[in-house]
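Below: target28.pdb (PDB, C-alpha atoms, pLDDT in the B column)
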```
ATOM      1  CA  MET A   7      15.026  -9.870 -16.159  1.00 75.00           C
ATOM      2  CA  LYS A   8      14.763 -12.798 -13.760  1.00 78.00           C
ATOM      3  CA  GLY A   9      18.425 -12.285 -12.781  1.00 86.00           C
ATOM      4  CA  LEU A  10      17.735  -8.671 -11.819  1.00 89.00           C
ATOM      5  CA  LEU A  11      14.720  -9.667  -9.741  1.00 90.00           C
ATOM      6  CA  ASN A  12      16.673 -12.411  -7.974  1.00 89.00           C
ATOM      7  CA  ARG A  13      19.584 -10.022  -7.232  1.00 91.00           C
ATOM      8  CA  SER A  14      17.146  -7.516  -5.750  1.00 91.00           C
ATOM      9  CA  ALA A  15      15.749 -10.232  -3.470  1.00 92.00           C
ATOM     10  CA  GLU A  16      19.136 -11.682  -2.480  1.00 93.00           C
ATOM     11  CA  ASN A  17      20.895  -8.358  -1.862  1.00 94.00           C
ATOM     12  CA  LYS A  18      17.867  -6.338  -0.667  1.00 92.00           C
ATOM     13  CA  LEU A  19      18.363  -3.843  -3.498  1.00 93.00           C
ATOM     14  CA  LYS A  20      15.840  -1.197  -4.480  1.00 95.00           C
ATOM     15  CA  ILE A  21      14.968  -1.203  -8.188  1.00 95.00           C
ATOM     16  CA  ILE A  22      12.686   0.896 -10.385  1.00 95.00           C
ATOM     17  CA  ILE A  23       9.973  -0.742 -12.474  1.00 92.00           C
ATOM     18  CA  PHE A  24       7.889   0.852 -15.208  1.00 95.00           C
ATOM     19  CA  TYR A  25       4.474  -0.477 -16.165  1.00 92.00           C
ATOM     20  CA  THR A  26       1.238   0.587 -17.835  1.00 95.00           C
ATOM     21  CA  ASP A  27      -1.862   0.837 -15.671  1.00 92.00           C
ATOM     22  CA  SER A  28      -5.418  -0.022 -16.684  1.00 94.00           C
ATOM     23  CA  ASN A  29      -5.777   3.402 -18.372  1.00 96.00           C
ATOM     24  CA  ASN A  30      -2.590   2.900 -20.448  1.00 96.00           C
ATOM     25  CA  ASN A  31      -0.640   5.445 -18.388  1.00 97.00           C
ATOM     26  CA  VAL A  32       3.033   4.681 -17.823  1.00 97.00           C
ATOM     27  CA  ARG A  33       3.811   4.426 -14.103  1.00 95.00           C
ATOM     28  CA  GLU A  34       7.017   3.916 -12.181  1.00 95.00           C
ATOM     29  CA  ARG A  35       7.529   2.338  -8.794  1.00 94.00           C
ATOM     30  CA  TYR A  36      10.508   1.833  -6.531  1.00 96.00           C
ATOM     31  CA  ILE A  37      10.397  -1.702  -5.183  1.00 94.00           C
ATOM     32  CA  ARG A  38      12.501  -4.267  -3.370  1.00 95.00           C
ATOM     33  CA  VAL A  39      11.829  -7.820  -4.464  1.00 95.00           C
ATOM     34  CA  LEU A  40      11.037 -10.125  -1.549  1.00 94.00           C
ATOM     35  CA  GLU A  41      10.397 -13.404  -3.387  1.00 92.00           C
ATOM     36  CA  VAL A  42      10.343 -14.700  -6.959  1.00 91.00           C
ATOM     37  CA  ASN A  43       8.498 -17.851  -7.990  1.00 88.00           C
ATOM     38  CA  ASP A  44       7.124 -19.276 -11.243  1.00 86.00           C
ATOM     39  CA  LYS A  45       3.773 -17.457 -11.146  1.00 89.00           C
ATOM     40  CA  SER A  46       4.319 -14.213  -9.242  1.00 89.00           C
ATOM     41  CA  ILE A  47       6.731 -11.784  -7.647  1.00 91.00           C
ATOM     42  CA  MET A  48       6.310 -10.541  -4.097  1.00 94.00           C
ATOM     43  CA  ALA A  49       7.820  -7.099  -3.647  1.00 95.00           C
ATOM     44  CA  TYR A  50       7.797  -4.233  -1.182  1.00 95.00           C
ATOM     45  CA  CYS A  51       6.535  -1.038  -2.849  1.00 94.00           C
ATOM     46  CA  PHE A  52       8.104   2.092  -1.362  1.00 94.00           C
ATOM     47  CA  TYR A  53       5.302   4.280  -2.762  1.00 91.00           C
ATOM     48  CA  ARG A  54       2.485   2.268  -1.156  1.00 89.00           C
ATOM     49  CA  LYS A  55       4.648   1.276   1.822  1.00 89.00           C
ATOM     50  CA  LYS A  56       3.549  -2.343   1.768  1.00 88.00           C
ATOM     51  CA  GLY A  57       4.274  -5.719   0.215  1.00 84.00           C
ATOM     52  CA  GLU A  58       2.344  -6.724  -2.890  1.00 78.00           C
ATOM     53  CA  ASN A  59       2.237  -9.470  -5.497  1.00 83.00           C
ATOM     54  CA  ILE A  60       3.214  -8.053  -8.864  1.00 74.00           C
TER      55      ILE A  60
END
```
As structure tokens, what does this structure read like?
Amino acid sequence: MKGLLNRSAENKLKIIIFYTDSNNNVRERYIRVLEVNDKSIMAYCFYRKKGENI
């Protein structure tokens, strides 16, 4: 997983993530990873059109 996130950041690749929200609904987002560190991931969300920590 970390390799995929790092490749997205290094090559500016768009990836799809799936997650469950607070109501247990499965959601999908198209993101481009901007930065990966030990505690968080900074990514640009194409749906919200802004950068966010995920």
Would you translate the PyMOL selection byres ((chain A and resi 57) around 12) into the concrete set of residues it matches in this file, as a PyMOL selection string?
chain A and resi 36-41+47-56+58-60
Record the distance separating CA of Lys8 in chain A and CA of Val42 in chain A, expressed in Å with one decimal.
8.3 Å
Between CA of Asp44 in chain A and CA of Arg13 in chain A, what is the distance, to one decimal in Å?
16.0 Å
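Picture a line from CA of Lys20 in chain A to CA of Val32 in chain A; it runs 19.4 Å.
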